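Structure file protein_35.cif with mmCIF, C-alpha atoms and all ligand atoms:
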```
data_entry
loop_
_atom_site.label_atom_id
_atom_site.label_comp_id
_atom_site.auth_asym_id
_atom_site.auth_seq_id
_atom_site.Cartn_x
_atom_site.Cartn_y
_atom_site.Cartn_z
CA MET X 942 163.77 51.47 158.07
CA VAL X 943 161.25 52.47 155.41
CA SER X 944 163.84 52.85 152.63
CA LYS X 945 165.25 49.40 153.53
CA LEU X 946 161.75 47.96 153.23
CA PHE X 947 161.26 49.60 149.81
CA PHE X 948 164.42 47.98 148.47
CA THR X 949 164.21 44.54 150.04
CA THR X 950 160.54 43.71 149.45
CA PRO X 951 160.04 40.50 147.45
CA GLN X 952 156.87 42.11 145.99
CA LEU X 953 158.96 43.80 143.25
CA THR X 954 161.53 42.78 140.63
CA TRP X 955 165.03 44.33 140.63
CA VAL X 956 164.10 46.53 137.67
CA ASP X 957 161.11 47.91 139.61
CA LYS X 958 163.30 48.43 142.69
CA LEU X 959 165.89 50.37 140.66
CA ARG X 960 163.11 52.50 139.19
CA ASN X 961 161.78 53.08 142.74
CA ALA X 962 165.29 54.14 143.77
CA LEU X 963 165.45 56.57 140.85
CA ALA X 964 162.05 58.14 141.67
CA LEU X 965 162.74 58.45 145.42
CA GLY X 966 166.41 59.41 144.95
CA THR X 967 165.44 62.38 142.77
CA SER X 968 162.53 63.41 145.03
CA PRO X 969 162.47 66.39 147.43
CA ILE X 970 162.75 63.85 150.28
CA VAL X 971 166.53 63.71 149.85
CA ARG X 972 166.74 67.51 150.17
CA GLY X 973 164.45 67.28 153.19
CA LEU X 974 167.10 65.38 155.15
CA ILE X 975 169.14 68.61 155.34
CA ASP X 976 166.55 71.32 154.57
CA TYR X 977 163.13 70.24 155.86
CA GLU X 978 161.26 73.50 155.26
CA GLY X 979 162.77 73.98 151.76
CA ALA X 980 161.74 70.45 150.77
CA MET X 981 158.24 71.01 152.22
CA ARG X 982 157.83 74.10 150.03
CA THR X 983 158.62 71.97 146.95
CA ILE X 984 156.27 69.22 148.14
CA ARG X 985 153.40 71.64 148.86
CA ALA X 986 153.75 72.95 145.28
CA LEU X 987 153.04 69.40 144.00
CA ASP X 988 149.44 69.52 145.17
CA SER X 989 147.87 69.57 141.70
CA VAL X 990 149.72 66.42 140.54
CA SER X 991 148.64 62.87 141.40
CA PHE X 992 151.23 60.67 143.13
CA GLN X 993 151.02 58.23 140.20
CA ASP X 994 151.84 60.93 137.60
CA TRP X 995 154.65 62.27 139.76
CA PHE X 996 156.15 58.82 140.39
CA ILE X 997 155.97 57.64 136.75
CA GLY X 998 157.31 61.04 135.63
CA HIS X 999 160.34 60.45 137.90
CA GLY X 1000 161.11 57.05 136.36
CA GLY X 1001 159.03 54.86 138.71
CA SER X 1002 157.26 51.80 137.25
CA GLN X 1003 153.55 51.03 136.90
CA GLU X 1004 154.18 47.61 138.50
CA SER X 1005 155.55 49.32 141.66
CA ILE X 1006 152.40 51.42 141.77
CA ARG X 1007 150.23 48.33 141.51
CA ARG X 1008 152.10 46.02 143.89
CA MET X 1009 153.44 48.42 146.51
CA TRP X 1010 152.32 52.04 146.33
CA ASN X 1011 148.58 51.47 145.80
CA PRO X 1012 148.23 49.37 149.01
CA ILE X 1013 150.15 52.09 150.89
CA ALA X 1014 147.97 54.89 149.45
CA TYR X 1015 144.82 52.88 150.23
CA ALA X 1016 145.98 52.37 153.80
CA LEU X 1017 146.81 56.05 154.28
CA GLY X 1018 143.96 57.81 152.51
CA PHE X 1019 141.57 55.01 151.38
CA ILE X 1020 142.21 55.99 147.71
CA ASP X 1021 144.73 54.83 145.06
CA CYS X 1022 147.85 56.54 143.68
CA GLU X 1023 145.96 57.99 140.72
CA SER X 1024 143.47 59.67 143.07
CA ILE X 1025 145.84 60.89 145.79
CA SER X 1026 147.98 64.01 145.47
CA ALA X 1027 151.77 63.81 145.25
CA ARG X 1028 151.83 66.44 148.02
CA CYS X 1029 150.04 64.12 150.42
CA MET X 1030 152.19 61.01 149.79
CA LEU X 1031 155.52 62.84 149.67
CA THR X 1032 154.75 64.71 152.92
CA ILE X 1033 154.32 61.37 154.67
CA PHE X 1034 157.55 59.95 153.23
CA MET X 1035 159.35 63.13 154.26
CA MET X 1036 158.21 62.63 157.84
CA PHE X 1037 159.14 58.93 157.72
CA ALA X 1038 162.57 59.77 156.31
CA SER X 1039 163.44 62.66 158.60
CA LYS X 1040 161.97 61.47 161.93
CA THR X 1041 163.14 58.01 162.84
CA GLU X 1042 160.33 57.50 165.36
CA ALA X 1043 157.69 58.33 162.70
CA SER X 1044 158.49 55.23 160.63
CA LYS X 1045 157.61 52.71 163.35
CA LEU X 1046 154.36 50.85 162.77
CA ASN X 1047 152.58 50.59 166.08
CA LEU X 1048 149.11 49.61 167.14
CA LEU X 1049 147.46 50.60 170.40
CA LYS X 1050 147.53 47.96 173.17
CA GLY X 1051 143.74 47.71 172.93
CA SER X 1052 140.65 49.70 172.03
CA PRO X 1053 141.13 53.40 171.09
CA HIS X 1054 138.41 54.29 173.59
CA ARG X 1055 140.48 52.93 176.48
CA TRP X 1056 144.05 53.62 175.32
CA LEU X 1057 143.76 56.83 173.31
CA THR X 1058 140.68 58.98 173.84
CA GLY X 1059 140.25 57.83 177.47
CA PRO X 1060 143.60 59.26 178.67
CA ILE X 1061 143.07 62.45 176.61
CA LEU X 1062 139.67 62.92 178.21
CA ASP X 1063 141.12 62.33 181.71
CA TYR X 1064 143.74 65.02 181.03
CA ILE X 1065 141.10 67.52 179.91
CA GLN X 1066 138.69 66.77 182.78
CA LYS X 1067 141.45 67.09 185.40
CA ARG X 1068 141.83 70.68 184.19
CA GLY X 1069 138.16 71.41 184.80
CA ALA X 1070 136.67 70.95 181.32
CA LYS X 1071 133.48 68.98 180.66
CA LEU X 1072 132.58 66.76 177.72
CA HIS X 1073 128.93 66.67 176.64
CA LEU X 1074 128.21 63.75 174.34
CA ARG X 1075 125.08 63.69 172.17
CA HIS X 1076 125.01 67.50 172.02
CA ARG X 1077 124.82 68.34 168.32
CA VAL X 1078 125.24 71.93 167.20
CA LYS X 1079 122.03 72.61 165.33
CA ALA X 1080 122.35 76.31 164.52
CA VAL X 1081 125.00 79.01 164.69
CA HIS X 1082 123.71 82.50 165.57
CA TYR X 1083 125.78 85.49 164.56
CA GLU X 1084 125.77 89.22 163.98
CA GLU X 1085 126.87 90.74 160.70
CA GLY X 1086 128.86 93.95 160.48
CA GLU X 1087 132.38 94.99 159.76
CA SER X 1088 133.68 92.21 161.96
CA PRO X 1089 131.07 89.42 161.95
CA LYS X 1090 130.79 87.52 165.27
CA VAL X 1091 129.09 84.37 166.53
CA THR X 1092 126.69 85.27 169.36
CA SER X 1093 125.48 81.79 170.42
CA LEU X 1094 124.86 78.18 169.39
CA THR X 1095 121.69 76.12 169.55
CA LEU X 1096 122.47 72.58 170.68
CA SER X 1097 120.20 69.62 170.28
CA THR X 1098 120.59 67.47 173.44
CA PRO X 1099 118.84 64.41 174.93
CA GLU X 1100 117.06 66.88 177.32
CA GLY X 1101 115.91 69.11 174.45
CA GLU X 1102 117.35 72.21 172.81
CA ARG X 1103 119.82 74.46 174.65
CA ASN X 1104 121.41 77.77 173.81
CA VAL X 1105 125.06 78.37 174.75
CA GLU X 1106 127.15 81.53 174.64
CA ALA X 1107 130.95 81.77 174.71
CA ASP X 1108 133.79 84.18 174.04
CA VAL X 1109 135.30 82.01 171.33
CA TYR X 1110 133.81 79.13 169.28
CA LEU X 1111 135.94 76.30 167.83
CA ALA X 1112 134.29 73.88 165.37
CA ALA X 1113 136.30 70.61 165.28
CA CYS X 1114 134.09 68.68 162.85
CA ASP X 1115 134.55 66.22 160.01
CA VAL X 1116 133.85 67.26 156.39
CA PRO X 1117 130.10 66.43 156.26
CA GLY X 1118 129.64 67.97 159.74
CA ILE X 1119 131.21 71.34 158.94
CA GLN X 1120 129.36 71.52 155.61
CA ARG X 1121 126.07 71.23 157.47
CA LEU X 1122 127.11 73.54 160.31
CA ILE X 1123 128.17 76.66 158.41
CA PRO X 1124 125.26 79.08 157.87
CA ASP X 1125 124.39 79.46 154.16
CA ALA X 1126 124.84 83.23 154.40
CA TRP X 1127 128.53 82.71 155.24
CA ARG X 1128 129.17 81.19 151.81
CA LYS X 1129 129.70 84.73 150.50
CA HIS X 1130 133.14 84.37 152.12
CA GLU X 1131 135.45 82.43 149.81
CA GLN X 1132 136.91 80.38 152.67
CA PHE X 1133 133.52 79.02 153.80
CA ASP X 1134 132.30 78.46 150.23
CA ALA X 1135 135.45 76.45 149.41
CA ILE X 1136 134.66 74.00 152.23
CA HIS X 1137 131.73 72.78 150.12
CA ARG X 1138 134.17 71.64 147.43
CA LEU X 1139 135.82 69.17 149.83
CA GLU X 1140 134.74 65.55 149.62
CA ALA X 1141 134.93 62.61 152.02
CA VAL X 1142 135.77 59.04 150.97
CA PRO X 1143 133.70 55.94 151.76
CA VAL X 1144 135.24 52.99 153.60
CA ALA X 1145 134.08 49.69 155.08
CA THR X 1146 135.79 47.93 157.99
CA VAL X 1147 135.26 44.21 158.58
CA GLN X 1148 136.10 42.29 161.75
CA LEU X 1149 136.34 38.50 161.59
CA ARG X 1150 136.88 36.25 164.63
CA TYR X 1151 138.19 32.69 164.09
CA ASP X 1152 138.65 29.62 166.28
CA GLY X 1153 142.42 29.57 165.68
CA TRP X 1154 145.42 31.66 164.57
CA VAL X 1155 144.93 32.73 160.94
CA THR X 1156 148.39 34.20 160.27
CA GLU X 1157 150.40 31.22 161.52
CA LEU X 1158 151.84 30.44 158.10
CA ALA X 1159 153.75 27.24 158.69
CA GLU X 1160 152.53 23.88 157.36
CA GLY X 1161 152.65 20.45 159.01
CA GLU X 1162 151.38 18.77 162.15
CA ALA X 1163 153.27 20.89 164.69
CA ALA X 1164 152.11 24.11 163.00
CA GLU X 1165 148.51 22.86 162.91
CA GLU X 1166 148.72 22.26 166.65
CA ARG X 1167 150.03 25.80 167.20
CA ARG X 1168 147.30 27.19 164.91
CA THR X 1169 144.52 25.62 166.95
CA ASN X 1170 146.00 26.04 170.45
CA LEU X 1171 143.83 28.91 171.68
CA SER X 1172 145.77 29.39 174.89
CA ASN X 1173 148.99 30.29 173.03
CA PRO X 1174 148.55 33.07 170.39
CA THR X 1175 150.80 32.83 167.34
CA GLY X 1176 151.11 34.55 163.96
CA LEU X 1177 152.02 37.94 162.45
CA ASN X 1178 151.93 40.64 165.11
CA ASN X 1179 151.88 43.89 163.08
CA LEU X 1180 149.94 45.99 160.61
CA LEU X 1181 149.89 44.09 157.30
CA TYR X 1182 149.52 45.26 153.69
CA THR X 1183 148.50 43.33 150.58
CA ALA X 1184 147.97 44.01 146.88
CA ASP X 1185 146.11 40.71 146.48
CA ALA X 1186 142.80 41.37 148.27
CA ASP X 1187 140.08 44.01 148.39
CA PHE X 1188 141.35 45.00 151.82
CA SER X 1189 144.67 46.78 151.46
CA CYS X 1190 145.67 46.80 155.11
CA PHE X 1191 144.73 44.57 157.99
CA ALA X 1192 145.88 43.27 161.35
CA ASP X 1193 145.15 40.45 163.78
CA LEU X 1194 143.96 42.56 166.71
CA ALA X 1195 144.07 39.56 169.06
CA LEU X 1196 147.87 39.63 168.58
CA ALA X 1197 148.56 43.31 167.88
CA SER X 1198 146.14 44.93 170.39
CA PRO X 1199 145.66 42.08 172.88
CA GLU X 1200 144.54 44.00 175.99
CA ASP X 1201 140.96 44.34 174.72
CA TYR X 1202 140.83 42.10 171.65
CA ARG X 1203 142.38 38.84 172.83
CA LYS X 1204 139.57 36.72 174.29
CA SER X 1205 140.05 33.54 176.27
CA GLY X 1206 138.93 30.47 174.26
CA GLU X 1207 138.92 32.46 170.97
CA GLY X 1208 141.49 32.98 168.21
CA SER X 1209 142.41 35.67 165.67
CA LEU X 1210 140.36 38.84 165.33
CA LEU X 1211 141.19 40.12 161.86
CA GLN X 1212 140.33 43.73 161.14
CA CYS X 1213 140.31 44.36 157.37
CA VAL X 1214 139.81 47.80 155.78
CA LEU X 1215 138.04 47.49 152.40
CA THR X 1216 139.34 50.08 149.94
CA PRO X 1217 138.17 51.67 147.75
CA GLY X 1218 135.03 51.63 149.88
CA ASP X 1219 132.57 52.75 147.14
CA PRO X 1220 131.48 49.28 145.88
CA TRP X 1221 130.91 47.98 149.43
CA ILE X 1222 128.52 50.62 150.78
CA PRO X 1223 125.40 49.23 148.99
CA LYS X 1224 126.36 45.55 149.61
CA SER X 1225 124.73 43.48 152.35
CA VAL X 1226 126.68 42.71 155.53
CA ASN X 1227 126.45 38.98 154.72
CA ASP X 1228 127.95 39.42 151.25
CA ILE X 1229 130.77 41.55 152.63
CA VAL X 1230 131.61 39.03 155.37
CA THR X 1231 131.51 36.03 153.00
CA HIS X 1232 133.70 37.80 150.43
CA THR X 1233 136.28 39.04 152.98
CA ASP X 1234 136.45 35.67 154.75
CA ALA X 1235 137.09 33.96 151.37
CA GLN X 1236 139.89 36.42 150.58
CA VAL X 1237 141.47 35.89 154.02
CA ARG X 1238 141.56 32.13 153.41
CA LYS X 1239 143.08 32.67 149.94
CA LEU X 1240 145.85 34.85 151.42
CA PHE X 1241 146.46 32.36 154.24
CA PRO X 1242 145.70 28.89 152.79
CA SER X 1243 146.95 27.34 156.05
CA SER X 1244 143.87 28.77 157.80
CA GLU X 1245 141.51 26.87 155.50
CA HIS X 1246 140.09 24.63 158.25
CA LEU X 1247 139.49 27.35 160.84
CA ILE X 1248 135.90 28.30 161.63
CA LEU X 1249 134.66 31.88 161.41
CA THR X 1250 132.93 32.36 164.78
CA TRP X 1251 131.86 36.03 164.74
CA SER X 1252 131.89 39.01 162.38
CA ASN X 1253 131.03 42.70 162.25
CA VAL X 1254 130.93 45.29 159.45
CA VAL X 1255 131.07 49.08 159.80
CA LYS X 1256 130.28 51.04 156.64
CA LEU X 1257 131.06 54.76 156.50
CA ALA X 1258 129.75 56.48 153.38
CA GLN X 1259 131.73 59.62 154.28
CA SER X 1260 134.91 59.12 156.28
CA LEU X 1261 138.31 60.75 155.61
CA TYR X 1262 138.79 63.98 153.67
CA ARG X 1263 139.61 62.99 150.04
CA GLU X 1264 143.26 64.02 149.51
CA ALA X 1265 142.72 64.45 145.75
CA PRO X 1266 145.11 66.44 143.53
CA GLY X 1267 144.35 70.17 143.44
CA MET X 1268 142.21 70.27 146.63
CA GLU X 1269 144.68 71.96 148.99
CA PRO X 1270 143.55 75.54 148.12
CA TYR X 1271 140.03 74.65 149.33
CA ARG X 1272 141.11 73.41 152.77
CA PRO X 1273 140.30 76.17 155.24
CA ASP X 1274 142.73 77.89 157.54
CA GLN X 1275 141.97 77.60 161.27
CA THR X 1276 141.23 81.36 161.41
CA THR X 1277 138.04 82.44 159.62
CA PRO X 1278 136.46 85.74 158.50
CA VAL X 1279 134.20 85.49 161.59
CA SER X 1280 136.40 86.98 164.31
CA ASN X 1281 135.47 84.65 167.21
CA PHE X 1282 134.87 81.48 165.15
CA PHE X 1283 137.77 79.06 164.52
CA LEU X 1284 138.12 75.72 162.77
CA ALA X 1285 140.02 72.54 163.70
CA GLY X 1286 139.84 68.98 162.38
CA SER X 1287 142.07 66.98 160.12
CA TYR X 1288 140.44 68.33 156.97
CA THR X 1289 141.56 71.91 157.82
CA ARG X 1290 144.86 73.11 156.39
CA GLN X 1291 147.80 71.25 157.95
CA ASP X 1292 150.55 69.28 156.27
CA TYR X 1293 149.78 65.78 157.45
CA ILE X 1294 147.12 63.39 156.08
CA ASP X 1295 143.66 63.02 157.60
CA SER X 1296 144.76 61.04 160.65
CA MET X 1297 144.94 61.28 164.43
CA GLU X 1298 148.23 63.13 164.02
CA GLY X 1299 146.70 65.48 161.42
CA ALA X 1300 143.80 66.20 163.76
CA THR X 1301 146.26 66.91 166.60
CA MET X 1302 148.27 69.27 164.39
CA SER X 1303 145.10 71.12 163.40
CA GLY X 1304 144.31 71.48 167.12
CA HIS X 1305 147.73 73.02 167.80
CA LEU X 1306 147.24 75.43 164.91
CA ALA X 1307 143.73 76.38 166.05
CA ALA X 1308 144.91 76.94 169.63
CA ALA X 1309 147.73 79.18 168.36
CA ALA X 1310 145.24 81.12 166.22
CA ILE X 1311 142.86 81.63 169.16
CA LEU X 1312 145.69 82.76 171.45
CA GLY X 1313 147.15 84.98 168.71
CA LEU X 1314 150.48 83.15 168.88
CA PRO X 1315 152.57 82.33 165.80
CA ALA X 1316 152.49 78.74 164.53
CA LYS X 1317 153.96 77.43 161.32
CA LEU X 1318 152.76 74.19 159.78
CA ALA X 1319 155.93 72.15 159.41
CA THR X 1320 157.53 73.59 162.53
CA ASN X 1321 154.42 72.91 164.58
CA ILE X 1322 155.28 71.11 167.83
CA ALA X 1323 153.72 67.86 166.54
CA VAL X 1324 156.30 67.50 163.75
CA ALA X 1325 159.20 69.71 164.82
C1 LIG X 1401 138.22 52.93 159.41
C2 LIG X 1401 139.17 54.03 159.81
C3 LIG X 1401 140.44 53.71 160.29
C4 LIG X 1401 141.34 54.71 160.66
N1 LIG X 1401 142.57 54.34 161.14
C5 LIG X 1401 143.44 55.31 161.54
C6 LIG X 1401 144.69 54.98 162.08
O1 LIG X 1401 145.04 53.80 162.22
N2 LIG X 1401 145.54 55.99 162.44
C7 LIG X 1401 145.19 57.29 162.32
O2 LIG X 1401 145.98 58.18 162.69
N3 LIG X 1401 143.98 57.64 161.81
C8 LIG X 1401 143.11 56.70 161.42
N4 LIG X 1401 141.88 57.04 160.90
C9 LIG X 1401 141.61 58.47 160.68
C10 LIG X 1401 141.21 59.18 161.95
O3 LIG X 1401 140.12 58.50 162.54
C11 LIG X 1401 140.76 60.60 161.57
O4 LIG X 1401 141.75 61.21 160.79
C12 LIG X 1401 140.57 61.44 162.82
O5 LIG X 1401 139.54 60.87 163.62
C13 LIG X 1401 140.18 62.87 162.42
O6 LIG X 1401 139.91 63.55 163.62
P1 LIG X 1401 139.01 64.86 163.61
O7 LIG X 1401 138.94 65.32 165.01
O8 LIG X 1401 139.50 65.78 162.55
O9 LIG X 1401 137.57 64.39 163.09
P2 LIG X 1401 136.59 63.29 163.68
O10 LIG X 1401 137.32 62.28 164.49
O11 LIG X 1401 135.80 62.81 162.49
O12 LIG X 1401 135.68 64.12 164.67
C14 LIG X 1401 134.74 65.06 164.21
C15 LIG X 1401 133.57 65.03 165.18
O13 LIG X 1401 132.69 66.14 164.91
C16 LIG X 1401 131.40 65.70 165.22
N5 LIG X 1401 130.41 66.61 164.62
C17 LIG X 1401 130.14 66.84 163.31
N6 LIG X 1401 129.15 67.75 163.17
C18 LIG X 1401 128.79 68.12 164.44
C19 LIG X 1401 127.81 69.03 164.98
N7 LIG X 1401 127.00 69.74 164.19
N8 LIG X 1401 127.71 69.14 166.32
C20 LIG X 1401 128.53 68.43 167.15
N9 LIG X 1401 129.47 67.56 166.70
C21 LIG X 1401 129.60 67.41 165.37
C22 LIG X 1401 131.34 64.29 164.63
O14 LIG X 1401 130.28 63.56 165.20
C23 LIG X 1401 132.72 63.76 165.04
O15 LIG X 1401 132.65 63.13 166.30
C24 LIG X 1401 140.96 56.06 160.53
C25 LIG X 1401 139.68 56.39 160.07
C26 LIG X 1401 138.79 55.39 159.71
C27 LIG X 1401 137.42 55.78 159.21
#
```
Represent the structure contained in this file as structure tokens.
Amino acid sequence: MVSKLFFTTPQLTWVDKLRNALALGTSPIVRGLIDYEGAMRTIRALDSVSFQDWFIGHGGSQESIRRMWNPIAYALGFIDCESISARCMLTIFMMFASKTEASKLNLLKGSPHRWLTGPILDYIQKRGAKLHLRHRVKAVHYEEGESPKVTSLTLSTPEGERNVEADVYLAACDVPGIQRLIPDAWRKHEQFDAIHRLEAVPVATVQLRYDGWVTELAEGEAAEERRTNLSNPTGLNNLLYTADADFSCFADLALASPEDYRKSGEGSLLQCVLTPGDPWIPKSVNDIVTHTDAQVRKLFPSSEHLILTWSNVVKLAQSLYREAPGMEPYRPDQTTPVSNFFLAGSYTRQDYIDSMEGATMSGHLAAAAILGLPAKLATNIAVA
């Protein structure tokens, strides 16, 4: 499905499409269709090269980068093709090419809280585990020696500080979280010191609610009626990409995730991810909303007369791990020099990008490490 999309998109000229075919046709992805692990070894060795340099070096065109690959890279890692490693992009294409189910674009039926983390939490609680929200790990206590060990954690909780002891400790943090958590003294170990070289990328997400259906593209009286008929949703029901706005990917959640986001008497709820996020972090919420709304109307001129009824902006100065060229050696393994202290989280070493799937893979790897069972990255259950 993905390769068909690459070759039929009207975004590119035939020359650009042929150059795309040349770059992808000579890539390790073709080998991966018969020898997945062999191709992954080649792809992992491309960590120090940017996707842009790799693609142009294989005959791809700059125009393809601008019109097609940059929006894809922005959507996947919130950075462009010059800033993202060839390893990261090619790994994703490998998975798309070799697992048919991986190339489907799907959105949850509704909010992640209800449809994703809710069921996971139910599963965990049914097995007797407890989740304590608003319990931040403030300090890690440990004993040095030949085999250093964590002895307890100090948690900061709404009821005050608490000390907890366990047999094994697993830190499943994001990049800024783990950088704050690791005791300074541990930086004498290369693996912990390297974590401080990892960076996180900024991103801003904008939600815009309208009094009609923004992505109903048709013109004319009948279409205008459909666009403003709030009881009958219409428009593009999928994740959308563009090279012509400051948001690279977006979706109408009222159509794509209707269970929680379709509201009676209201229309489209566009969620737009502004990438790169850097310029938006210092901007006011008003400026961001006005700018994004104007770009939405430029992309969909037929929505010109709709009224923006509600908006929300979430700015994250540090979100995903920055998948920059040359960073892979600094990503930590799930096992650490501290014998009872393990790491999980998407930023830890696993093949996939910083994503829900990457986080899940890191969890499988950490569990295998704790149990002392073998687990290999590309043959991990999540991608096997
Ligand atoms: C705007 C946006 C859109 C995204 N869209 C998608 C998508 O469509 N599909 C997809 O697959 N992925 C998406 N992602 C990426 C996905 O959210 C992440 O890759 C995933 O959440 C990583 O999971 P994680 O468990 O590694 O880290 P996180 O989800 O970041 O969890 C780490 C947790 O550790 C906690 N923590 C840190 N320090 C401490 C401490 N000292 N004590 C206690 N807790 C601590 C943090 O509060 C946080 O809750 C998106 C991300 C963003 C920002």
Item to complete: Dump the neighbourhood of ligand LIG 1401 (chain X) as an MDAnalysis selection string: all residues within 6 Å, distances computed on all atoms listed in the file.
Response: chainID X and resid 1077:1079 1113:1115 1118:1119 1122 1146 1260 1286:1287 1295:1298 1300
Practice prompt. Can you work out the spacing between CA of Leu1210 (chain X) and CA of Lys1050 (chain X) in Å, to one decimal?
Written response: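 Between CA of Leu1210 (chain X) and CA of Lys1050 (chain X) the gap works out to 14.0 Å.
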Discussion item. As a list in words, please: the residues near Ala980 (chain X) (cut-off 9 Å, only C-alpha atoms, same-chain neighbours under 5 positions excluded).
Written reply: Pro969, Ile970, Val971, Arg972, Gly973, Leu974, Ile975, Arg985 and Met1035 of chain X
Item to complete: Using CA of Gly1153 (chain X) and CA of Pro1174 (chain X) as the two end points, give the distance in Å to one decimal.
Response: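 Interatomic distance, CA of Gly1153 (chain X) to CA of Pro1174 (chain X): 8.5 Å.
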Worksheet item: Of the candidates X:Ala1316, X:Ala1038, X:Leu1261, X:Phe1191, which shows the shortest atom-to-atom distance to Gly1304 (chain X), using all atoms listed in the file?
Response: X:Ala1316
Worksheet item: Please, what distance in Å, to one decimal, runs between CA of Glu1106 (chain X) and CA of Gly1299 (chain X)?
Response: 28.5 Å
Response to the item:
Judged by all atoms listed in the file, the minimum distance to Ile1025 (chain X) among X:Glu1207, X:Glu1087, X:Asp1201, X:Glu1264 is found for X:Glu1264
Item to complete: Considering all atoms listed in the file, return as JSON, numbers by chain whatever protein or nucleic-acid residues lie within 9 Å of Val1255 (chain X), sequence-local ones (same chain, fewer than 3 positions apart) excluded.
Response: {"X": [1144, 1145, 1146, 1147, 1148, 1226]}
Worksheet item: Near Trp1056 (chain X), within 12 Å and counting only C-alpha atoms, which residues show up once chain neighbours fewer than 5 positions away are dropped, as a ChimeraX atom specification?
Response: /X:1048-1051,1061-1063,1198-1201
Store the residues picked out above in a file with C-alpha atoms, as a PDB file, in the coordinates of the input.
```
ATOM      1  CA  LEU X1048     149.110  49.610 167.140  1.00  0.00           C
ATOM      2  CA  LEU X1049     147.460  50.600 170.400  1.00  0.00           C
ATOM      3  CA  LYS X1050     147.530  47.960 173.170  1.00  0.00           C
ATOM      4  CA  GLY X1051     143.740  47.710 172.930  1.00  0.00           C
ATOM      5  CA  ILE X1061     143.070  62.450 176.610  1.00  0.00           C
ATOM      6  CA  LEU X1062     139.670  62.920 178.210  1.00  0.00           C
ATOM      7  CA  ASP X1063     141.120  62.330 181.710  1.00  0.00           C
ATOM      8  CA  SER X1198     146.140  44.930 170.390  1.00  0.00           C
ATOM      9  CA  PRO X1199     145.660  42.080 172.880  1.00  0.00           C
ATOM     10  CA  GLU X1200     144.540  44.000 175.990  1.00  0.00           C
ATOM     11  CA  ASP X1201     140.960  44.340 174.720  1.00  0.00           C
TER      12      ASP X1201
END
```
Box along x, y and z, 6 Å on every side, all listed atoms of region 1248-1262 of chain X inside: centre and edge lengths in Å to one decimal, as AutoDock Vina command-line options.
```
--center_x 134.3 --center_y 46.1 --center_z 159.1 --size_x 21.0 --size_y 47.7 --size_z 23.4
```
Worksheet item: In terms of the shortest atom-to-atom distance over all atoms listed in the file, which of X:Glu1157, X:Glu1084, X:Asp1108, X:Glu1102 is closest to Pro1124 (chain X)?
Response: X:Glu1084
Discussion item. Excluding Leu1240 (chain X) and its own-chain neighbours fewer than 3 positions away, which residues fall within 8 Å of it when counting all atoms listed in the file? Please give them as number ranges by chain.
Written reply: X: 1185-1186, 1236-1237
